[in-house]
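Below is final32.pdb, which holds PDB, C-alpha atoms.
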ATOM      1  CA  MET A  11     188.766  79.736  47.091
ATOM      2  CA  ALA A  12     191.695  79.864  49.429
ATOM      3  CA  GLN A  13     192.816  83.200  50.549
ATOM      4  CA  THR A  14     196.497  83.961  50.445
ATOM      5  CA  PRO A  15     197.749  85.424  53.646
ATOM      6  CA  GLU A  16     198.737  89.048  53.470
ATOM      7  CA  PRO A  17     202.407  89.825  54.018
ATOM      8  CA  PRO A  18     203.108  91.413  57.398
ATOM      9  CA  ARG A  19     202.775  95.162  57.278
ATOM     10  CA  ARG A  20     205.912  97.201  57.670
ATOM     11  CA  LYS A  21     205.862  99.679  60.476
ATOM     12  CA  ASP A  22     205.597 103.176  59.215
ATOM     13  CA  ARG A  23     208.370 105.481  60.537
ATOM     14  CA  ALA A  24     205.753 107.847  61.799
ATOM     15  CA  ASN A  25     204.443 105.069  64.005
ATOM     16  CA  GLN A  26     207.777 104.322  65.692
ATOM     17  CA  THR A  27     207.733 104.871  69.373
ATOM     18  CA  LEU A  28     210.194 106.575  71.682
ATOM     19  CA  ARG A  29     211.237 103.102  72.818
ATOM     20  CA  ASP A  30     212.289 102.204  69.253
ATOM     21  CA  MET A  31     214.426 105.348  68.971
ATOM     22  CA  VAL A  32     216.091 104.801  72.354
ATOM     23  CA  LEU A  33     216.947 101.203  71.437
ATOM     24  CA  SER A  34     218.429 102.348  68.113
ATOM     25  CA  LEU A  35     220.487 105.004  69.863
ATOM     26  CA  LEU A  36     221.764 102.494  72.438
ATOM     27  CA  ALA A  37     222.803 100.118  69.663
ATOM     28  CA  LEU A  38     224.789 102.918  67.967
ATOM     29  CA  LEU A  39     226.420 103.968  71.229
ATOM     30  CA  LEU A  40     227.489 100.385  71.916
ATOM     31  CA  ILE A  41     229.085 100.110  68.475
ATOM     32  CA  ILE A  42     230.909 103.457  68.841
ATOM     33  CA  GLY A  43     231.995 102.589  72.384
ATOM     34  CA  ALA A  44     233.391  99.239  71.239
ATOM     35  CA  LEU A  45     235.340 100.902  68.412
ATOM     36  CA  LEU A  46     236.820 103.509  70.738
ATOM     37  CA  PHE A  47     237.663 100.952  73.409
ATOM     38  CA  PHE A  48     239.495  98.640  71.032
ATOM     39  CA  ASN A  49     241.273 101.452  69.165
ATOM     40  CA  ARG A  50     241.941 103.720  72.142
ATOM     41  CA  GLY A  51     240.904 106.452  69.716
ATOM     42  CA  CYS A  52     240.003 109.249  72.072
ATOM     43  CA  SER A  53     240.419 110.525  75.559
ATOM     44  CA  PHE A  54     238.406 112.741  77.832
ATOM     45  CA  SER A  55     240.170 115.500  79.711
ATOM     46  CA  PRO A  56     237.909 118.151  81.179
ATOM     47  CA  GLY A  57     239.345 121.540  82.018
ATOM     48  CA  THR A  58     241.934 123.700  80.302
ATOM     49  CA  PRO A  59     244.702 122.226  78.144
ATOM     50  CA  GLU A  60     248.017 121.671  79.852
ATOM     51  CA  ALA A  61     251.412 121.771  78.171
ATOM     52  CA  ASP A  62     254.363 119.979  79.658
ATOM     53  CA  PRO A  63     257.468 122.164  79.179
ATOM     54  CA  ALA A  64     259.631 119.061  79.441
ATOM     55  CA  THR A  65     258.232 117.849  76.104
ATOM     56  CA  ALA A  66     259.195 121.037  74.219
ATOM     57  CA  PRO A  67     262.210 120.780  71.904
ATOM     58  CA  THR A  68     265.649 122.020  72.930
ATOM     59  CA  VAL A  69     268.041 123.654  70.469
ATOM     60  CA  ASP A  70     271.747 124.487  70.482
ATOM     61  CA  LEU A  71     271.607 128.267  70.102
ATOM     62  CA  ARG A  72     275.378 128.686  69.748
ATOM     63  CA  ALA A  73     275.464 126.313  66.763
ATOM     64  CA  ASP A  74     272.218 127.583  65.180
ATOM     65  CA  LEU A  75     273.060 131.287  65.549
ATOM     66  CA  GLY A  76     276.629 130.575  64.409
ATOM     67  CA  ARG A  77     275.274 129.124  61.151
ATOM     68  CA  ALA A  78     272.863 132.033  60.792
ATOM     69  CA  ALA A  79     275.702 134.549  61.365
ATOM     70  CA  ARG A  80     277.478 133.205  58.268
ATOM     71  CA  GLY A  81     274.438 134.024  56.122
ATOM     72  CA  VAL A  82     273.569 137.545  57.262
ATOM     73  CA  ASP A  83     275.303 140.899  56.788
ATOM     74  CA  PHE A  84     274.979 142.073  60.406
ATOM     75  CA  PRO A  85     276.489 140.791  63.666
ATOM     76  CA  LEU A  86     274.374 138.473  65.825
ATOM     77  CA  ARG A  87     274.540 138.357  69.615
ATOM     78  CA  LEU A  88     273.962 135.403  71.910
ATOM     79  CA  PRO A  89     273.246 136.729  75.419
ATOM     80  CA  GLU A  90     273.799 134.764  78.614
ATOM     81  CA  VAL A  91     270.324 134.106  80.003
ATOM     82  CA  PRO A  92     269.380 133.221  83.582
ATOM     83  CA  ALA A  93     269.657 129.659  84.820
ATOM     84  CA  GLY A  94     266.411 127.798  84.315
ATOM     85  CA  TRP A  95     265.771 129.229  80.841
ATOM     86  CA  ARG A  96     265.824 126.636  78.075
ATOM     87  CA  ALA A  97     266.515 127.477  74.439
ATOM     88  CA  ASN A  98     263.798 125.871  72.361
ATOM     89  CA  SER A  99     263.605 127.617  68.986
ATOM     90  CA  THR A 100     265.541 129.391  66.260
ATOM     91  CA  SER A 101     264.445 130.595  62.856
ATOM     92  CA  THR A 102     265.359 132.968  60.057
ATOM     93  CA  SER A 103     262.978 134.687  57.659
ATOM     94  CA  PRO A 104     262.882 137.728  55.368
ATOM     95  CA  VAL A 105     261.915 141.232  56.395
ATOM     96  CA  GLU A 106     260.746 142.930  53.229
ATOM     97  CA  PRO A 107     262.119 144.688  51.342
ATOM     98  CA  VAL A 108     265.851 144.231  52.052
ATOM     99  CA  SER A 109     266.734 142.292  55.186
ATOM    100  CA  VAL A 110     266.228 139.146  57.237
ATOM    101  CA  VAL A 111     265.370 138.498  60.869
ATOM    102  CA  VAL A 112     267.096 135.878  63.010
ATOM    103  CA  ARG A 113     265.121 134.636  66.023
ATOM    104  CA  ALA A 114     266.034 132.742  69.187
ATOM    105  CA  GLY A 115     263.456 131.659  71.739
ATOM    106  CA  TRP A 116     263.634 130.504  75.342
ATOM    107  CA  LEU A 117     261.181 128.850  77.682
ATOM    108  CA  THR A 118     261.438 130.622  81.009
ATOM    109  CA  PRO A 119     260.213 128.871  84.159
ATOM    110  CA  ALA A 120     256.581 129.696  83.298
ATOM    111  CA  ARG A 121     256.584 131.597  80.006
ATOM    112  CA  PHE A 122     258.282 132.259  76.655
ATOM    113  CA  VAL A 123     260.703 135.001  75.538
ATOM    114  CA  GLN A 124     261.986 135.564  71.994
ATOM    115  CA  LEU A 125     264.923 137.644  70.748
ATOM    116  CA  SER A 126     264.811 138.861  67.130
ATOM    117  CA  GLN A 127     267.792 140.528  65.424
ATOM    118  CA  SER A 128     267.782 142.304  62.050
ATOM    119  CA  ALA A 129     269.337 145.113  60.006
ATOM    120  CA  ALA A 130     265.823 146.173  58.932
ATOM    121  CA  PRO A 131     264.406 149.501  60.095
ATOM    122  CA  ALA A 132     262.620 149.264  63.441
ATOM    123  CA  ALA A 133     259.158 149.853  61.913
ATOM    124  CA  ASP A 134     259.619 146.941  59.463
ATOM    125  CA  LEU A 135     260.952 144.614  62.158
ATOM    126  CA  VAL A 136     258.070 145.443  64.506
ATOM    127  CA  ARG A 137     255.539 144.858  61.707
ATOM    128  CA  VAL A 138     257.014 141.446  60.859
ATOM    129  CA  GLU A 139     257.436 140.280  64.454
ATOM    130  CA  THR A 140     254.184 141.575  65.938
ATOM    131  CA  GLY A 141     251.881 141.543  62.928
ATOM    132  CA  ARG A 142     250.970 145.164  63.705
ATOM    133  CA  GLU A 143     251.769 148.523  62.199
ATOM    134  CA  SER A 144     251.304 150.499  65.379
ATOM    135  CA  GLY A 145     253.480 153.186  66.860
ATOM    136  CA  PRO A 146     255.422 153.000  70.103
ATOM    137  CA  VAL A 147     253.553 153.089  73.400
ATOM    138  CA  GLY A 148     256.455 153.985  75.660
ATOM    139  CA  GLU A 149     260.144 153.729  76.479
ATOM    140  CA  ILE A 150     262.130 151.904  79.116
ATOM    141  CA  GLU A 151     265.820 152.007  80.028
ATOM    142  CA  VAL A 152     267.659 148.829  80.987
ATOM    143  CA  ALA A 153     271.405 148.626  81.699
ATOM    144  CA  GLY A 154     272.005 151.982  80.000
ATOM    145  CA  THR A 155     270.136 151.058  76.814
ATOM    146  CA  LYS A 156     266.912 152.805  75.786
ATOM    147  CA  TRP A 157     264.229 150.366  74.613
ATOM    148  CA  THR A 158     261.123 151.500  72.715
ATOM    149  CA  VAL A 159     257.985 149.584  73.714
ATOM    150  CA  TYR A 160     255.386 148.476  71.125
ATOM    151  CA  PRO A 161     252.228 146.391  71.450
ATOM    152  CA  GLY A 162     252.838 142.776  70.489
ATOM    153  CA  ARG A 163     250.701 139.853  69.420
ATOM    154  CA  ARG A 164     247.700 139.037  71.631
ATOM    155  CA  ASP A 165     248.542 140.359  75.114
ATOM    156  CA  GLU A 166     252.311 140.382  74.528
ATOM    157  CA  ARG A 167     254.546 143.413  74.165
ATOM    158  CA  ALA A 168     257.695 144.109  72.141
ATOM    159  CA  TRP A 169     260.817 146.028  73.143
ATOM    160  CA  VAL A 170     263.120 147.380  70.404
ATOM    161  CA  ALA A 171     266.666 148.781  70.703
ATOM    162  CA  ASP A 172     269.708 149.311  68.476
ATOM    163  CA  PHE A 173     273.059 147.640  69.099
ATOM    164  CA  ALA A 174     275.746 148.843  66.668
ATOM    165  CA  GLY A 175     273.286 149.241  63.785
ATOM    166  CA  VAL A 176     271.395 146.018  64.502
ATOM    167  CA  ARG A 177     267.741 146.259  65.495
ATOM    168  CA  THR A 178     267.033 143.968  68.414
ATOM    169  CA  LEU A 179     263.492 143.088  69.452
ATOM    170  CA  ILE A 180     262.362 141.197  72.544
ATOM    171  CA  THR A 181     258.854 139.783  72.595
ATOM    172  CA  GLY A 182     256.887 136.960  74.148
ATOM    173  CA  SER A 183     254.695 136.249  77.122
ATOM    174  CA  GLY A 184     257.503 136.720  79.649
ATOM    175  CA  THR A 185     257.261 138.956  82.676
ATOM    176  CA  GLU A 186     258.852 142.407  82.770
ATOM    177  CA  ASP A 187     261.645 140.981  84.946
ATOM    178  CA  GLU A 188     262.344 138.328  82.281
ATOM    179  CA  PHE A 189     262.396 141.003  79.556
ATOM    180  CA  ARG A 190     264.788 143.059  81.715
ATOM    181  CA  ALA A 191     267.038 140.030  82.272
ATOM    182  CA  LEU A 192     267.371 139.459  78.529
ATOM    183  CA  ALA A 193     267.716 143.185  77.772
ATOM    184  CA  SER A 194     270.488 143.618  80.363
ATOM    185  CA  ALA A 195     272.384 140.579  79.034
ATOM    186  CA  LEU A 196     272.554 141.926  75.464
ATOM    187  CA  PRO A 197     275.069 144.805  75.939
ATOM    188  CA  ALA A 198     277.454 142.423  77.707
ATOM    189  CA  SER A 199     277.322 139.860  74.892
ATOM    190  CA  THR A 200     279.878 139.955  72.099
ATOM    191  CA  PRO A 201     278.824 139.460  68.482
ATOM    192  CA  LEU A 202     279.241 135.927  67.160
ATOM    193  CA  ALA A 203     282.002 135.348  64.629
ATOM    194  CA  ALA A 204     280.685 134.853  61.099
ATOM    195  CA  ASN A 205     283.327 132.204  60.239
TER     196      ASN A 205
END

With the file now loaded, output its structure as structure tokens.
Amino acid sequence: MAQTPEPPRRKDRANQTLRDMVLSLLALLLIIGALLFFNRGCSFSPGTPEADPATAPTVDLRADLGRAARGVDFPLRLPEVPAGWRANSTSTSPVEPVSVVVRAGWLTPARFVQLSQSAAPAADLVRVETGRESGPVGEIEVAGTKWTVYPGRRDERAWVADFAGVRTLITGSGTEDEFRALASALPASTPLAAN
């Protein structure tokens, strides 16, 4: 009687060697590498992230704040900022329960400064702009105007002052000199016409 040959035995996974696993891993890495190479799907950049200020948007503050002035019931100011500052943001949002806040932001040579203006009480404006309900931590006088200092978001701070019934808040990552530059420019600025 002729014996039928037995089919070859399949290797049991438990019997696979380190060599088998390394070869499988190399095959997968080659496939992934080929996909990434042909799709240019990722990049490697060790170290901290870097932002190029030249790629940030630029806005026309006079036009944007002019439009915002037509929609609010308080006068808005557009201060003259130092050369080298670039306007890059504006926005408007509610301050509950009865007012709105109009924001303008500038990129300074190395940082960011934001001016917020509202008819809301100072405590409400600080809460909306800093995300905190904390009390003041000090006062500072700039160009004859008394500013109340509050803690801001992260390691930022917020300065608040009144100009003819309008609460004005400066915040951002700017230096104290940059805050002072913006704060001293505000009293000299005239309110925008609400055409």

Residue members of the PyMOL selection byres ((chain A and resi 149-151) around 12) in the file shown, as a PDB file with C-alpha atoms, in the frame of the given file:
ATOM      1  CA  GLY A 145     253.480 153.186  66.860  1.00  0.00           C
ATOM      2  CA  PRO A 146     255.422 153.000  70.103  1.00  0.00           C
ATOM      3  CA  VAL A 147     253.553 153.089  73.400  1.00  0.00           C
ATOM      4  CA  GLY A 148     256.455 153.985  75.660  1.00  0.00           C
ATOM      5  CA  VAL A 152     267.659 148.829  80.987  1.00  0.00           C
ATOM      6  CA  ALA A 153     271.405 148.626  81.699  1.00  0.00           C
ATOM      7  CA  GLY A 154     272.005 151.982  80.000  1.00  0.00           C
ATOM      8  CA  THR A 155     270.136 151.058  76.814  1.00  0.00           C
ATOM      9  CA  LYS A 156     266.912 152.805  75.786  1.00  0.00           C
ATOM     10  CA  TRP A 157     264.229 150.366  74.613  1.00  0.00           C
ATOM     11  CA  THR A 158     261.123 151.500  72.715  1.00  0.00           C
ATOM     12  CA  VAL A 159     257.985 149.584  73.714  1.00  0.00           C
ATOM     13  CA  TYR A 160     255.386 148.476  71.125  1.00  0.00           C
ATOM     14  CA  PRO A 161     252.228 146.391  71.450  1.00  0.00           C
ATOM     15  CA  ARG A 167     254.546 143.413  74.165  1.00  0.00           C
ATOM     16  CA  ALA A 168     257.695 144.109  72.141  1.00  0.00           C
ATOM     17  CA  TRP A 169     260.817 146.028  73.143  1.00  0.00           C
ATOM     18  CA  VAL A 170     263.120 147.380  70.404  1.00  0.00           C
ATOM     19  CA  ALA A 171     266.666 148.781  70.703  1.00  0.00           C
ATOM     20  CA  GLU A 186     258.852 142.407  82.770  1.00  0.00           C
ATOM     21  CA  PHE A 189     262.396 141.003  79.556  1.00  0.00           C
ATOM     22  CA  ARG A 190     264.788 143.059  81.715  1.00  0.00           C
ATOM     23  CA  ALA A 193     267.716 143.185  77.772  1.00  0.00           C
ATOM     24  CA  SER A 194     270.488 143.618  80.363  1.00  0.00           C
TER      25      SER A 194
END

Pull out every residue that the PyMOL selection byres ((chain A and resi 132-141) around 6) matches in the shown coordinates and put them as a PDB file with C-alpha atoms, keeping the file's coordinate frame.
ATOM      1  CA  PRO A 131     264.406 149.501  60.095  1.00  0.00           C
ATOM      2  CA  ARG A 142     250.970 145.164  63.705  1.00  0.00           C
ATOM      3  CA  GLU A 143     251.769 148.523  62.199  1.00  0.00           C
ATOM      4  CA  GLY A 162     252.838 142.776  70.489  1.00  0.00           C
ATOM      5  CA  ARG A 163     250.701 139.853  69.420  1.00  0.00           C
TER       6      ARG A 163
END

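Among A:Leu45, A:Ala66, A:Leu33, A:Ala191, the residue with the shortest atom-to-atom distance to A:Leu117, counting only C-alpha atoms, is A:Ala66.
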
note - atom CA of A:Thr200 and atom CA of A:Arg113 are separated by 16.8 Å

Excluding A:Val108 and any residue of its chain fewer than 2 positions from it, enumerate the residues within 12 Å of it, using only C-alpha atoms, and give them as a list in words.
Val82, Asp83, Ser103, Pro104, Val105, Glu106, Val110, Val111, Ser128, Ala129, Ala130, Pro131, Asp134 and Leu135 of chain A

Could you tell me how far atom CA of A:Leu71 lies from atom CA of A:Glu90, in Å and to one decimal?
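About the pair atom CA of A:Leu71 and atom CA of A:Glu90: they are 10.9 Å apart.
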
Figure out the distance between atom CA of A:Leu196 and atom CA of A:Gly76, please, to one decimal in Å.
16.4 Å

Quick one: residues within 8 Å of A:Thr100, all atoms listed in the file, excluding same-chain residues fewer than 6 positions away - as an NGL selection string?
:A and (69 or 71 or 74-75 or 112-115)

Could you pull the residues within 7 Å of A:Ser183, counting all atoms listed in the file, minus those fewer than 2 positions along the same chain, as a short mmCIF file (atom, residue, chain, number, x, y, z; two decimals) with C-alpha atoms, in the frame of the given file?
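out_2.cif, written as the output of this step:
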data_model
loop_
_atom_site.label_atom_id
_atom_site.label_comp_id
_atom_site.auth_asym_id
_atom_site.auth_seq_id
_atom_site.Cartn_x
_atom_site.Cartn_y
_atom_site.Cartn_z
CA ARG A 121 256.58 131.60 80.01
CA PHE A 122 258.28 132.26 76.66
CA VAL A 123 260.70 135.00 75.54
CA GLU A 166 252.31 140.38 74.53
CA THR A 185 257.26 138.96 82.68
#

Quick one: what's the axis-aligned box for stretch 160-167 of chain A, all listed atoms, 4 Å on every side, centre and edges in Å to one decimal, as JSON?
{"center_x": 251.5, "center_y": 143.8, "center_z": 72.3, "size_x": 15.7, "size_y": 17.4, "size_z": 13.7}

Just checking: using only C-alpha atoms, which residue out of A:Ala78, A:Pro15, A:Gln124, A:Ser34 ends up closest to A:Val91?
A:Gln124

List every protein, DNA or RNA residue that has an atom no more than 8 Å from (275.4, 135.7, 64.6) in the file's coordinate frame, counting all atoms listed in the file, and report them as a ChimeraX atom specification.
/A:75-80,82,84-88,201-204

Because some atoms of stretch 169-183 of chain A are absent here, can you restore N, CA and C atoms and send them as an mmCIF file, in the frame of the given file?
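Result saved to part-v4.cif:
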data_model
loop_
_atom_site.group_PDB
_atom_site.id
_atom_site.type_symbol
_atom_site.label_atom_id
_atom_site.label_comp_id
_atom_site.auth_asym_id
_atom_site.auth_seq_id
_atom_site.Cartn_x
_atom_site.Cartn_y
_atom_site.Cartn_z
ATOM 1 N N TRP A 169 259.837 144.988 72.832
ATOM 2 C CA TRP A 169 260.817 146.028 73.143
ATOM 3 C C TRP A 169 261.830 146.043 72.010
ATOM 4 N N VAL A 170 262.179 147.254 71.515
ATOM 5 C CA VAL A 170 263.120 147.380 70.404
ATOM 6 C C VAL A 170 264.242 148.332 70.799
ATOM 7 N N ALA A 171 265.492 147.932 70.469
ATOM 8 C CA ALA A 171 266.666 148.781 70.703
ATOM 9 C C ALA A 171 267.681 148.523 69.603
ATOM 10 N N ASP A 172 268.619 149.452 69.446
ATOM 11 C CA ASP A 172 269.708 149.311 68.476
ATOM 12 C C ASP A 172 270.992 148.937 69.197
ATOM 13 N N PHE A 173 271.723 147.997 68.627
ATOM 14 C CA PHE A 173 273.059 147.640 69.099
ATOM 15 C C PHE A 173 273.975 147.655 67.887
ATOM 16 N N ALA A 174 274.779 148.713 67.769
ATOM 17 C CA ALA A 174 275.746 148.843 66.668
ATOM 18 C C ALA A 174 275.084 148.646 65.308
ATOM 19 N N GLY A 175 273.956 149.305 65.078
ATOM 20 C CA GLY A 175 273.286 149.241 63.785
ATOM 21 C C GLY A 175 272.393 148.035 63.582
ATOM 22 N N VAL A 176 272.261 147.197 64.593
ATOM 23 C CA VAL A 176 271.395 146.018 64.502
ATOM 24 C C VAL A 176 270.160 146.262 65.360
ATOM 25 N N ARG A 177 268.977 146.121 64.751
ATOM 26 C CA ARG A 177 267.741 146.259 65.495
ATOM 27 C C ARG A 177 267.516 144.958 66.254
ATOM 28 N N THR A 178 267.253 145.106 67.541
ATOM 29 C CA THR A 178 267.033 143.968 68.414
ATOM 30 C C THR A 178 265.656 144.109 69.036
ATOM 31 N N LEU A 179 264.866 143.050 68.964
ATOM 32 C CA LEU A 179 263.492 143.088 69.452
ATOM 33 C C LEU A 179 263.289 141.921 70.416
ATOM 34 N N ILE A 180 262.731 142.226 71.570
ATOM 35 C CA ILE A 180 262.362 141.197 72.544
ATOM 36 C C ILE A 180 260.844 141.146 72.589
ATOM 37 N N THR A 181 260.298 139.951 72.501
ATOM 38 C CA THR A 181 258.854 139.783 72.595
ATOM 39 C C THR A 181 258.552 138.471 73.293
ATOM 40 N N GLY A 182 257.293 138.208 73.520
ATOM 41 C CA GLY A 182 256.887 136.960 74.148
ATOM 42 C C GLY A 182 255.926 137.217 75.282
ATOM 43 N N SER A 183 255.639 136.165 76.013
ATOM 44 C CA SER A 183 254.695 136.249 77.122
ATOM 45 C C SER A 183 255.398 136.410 78.463
#
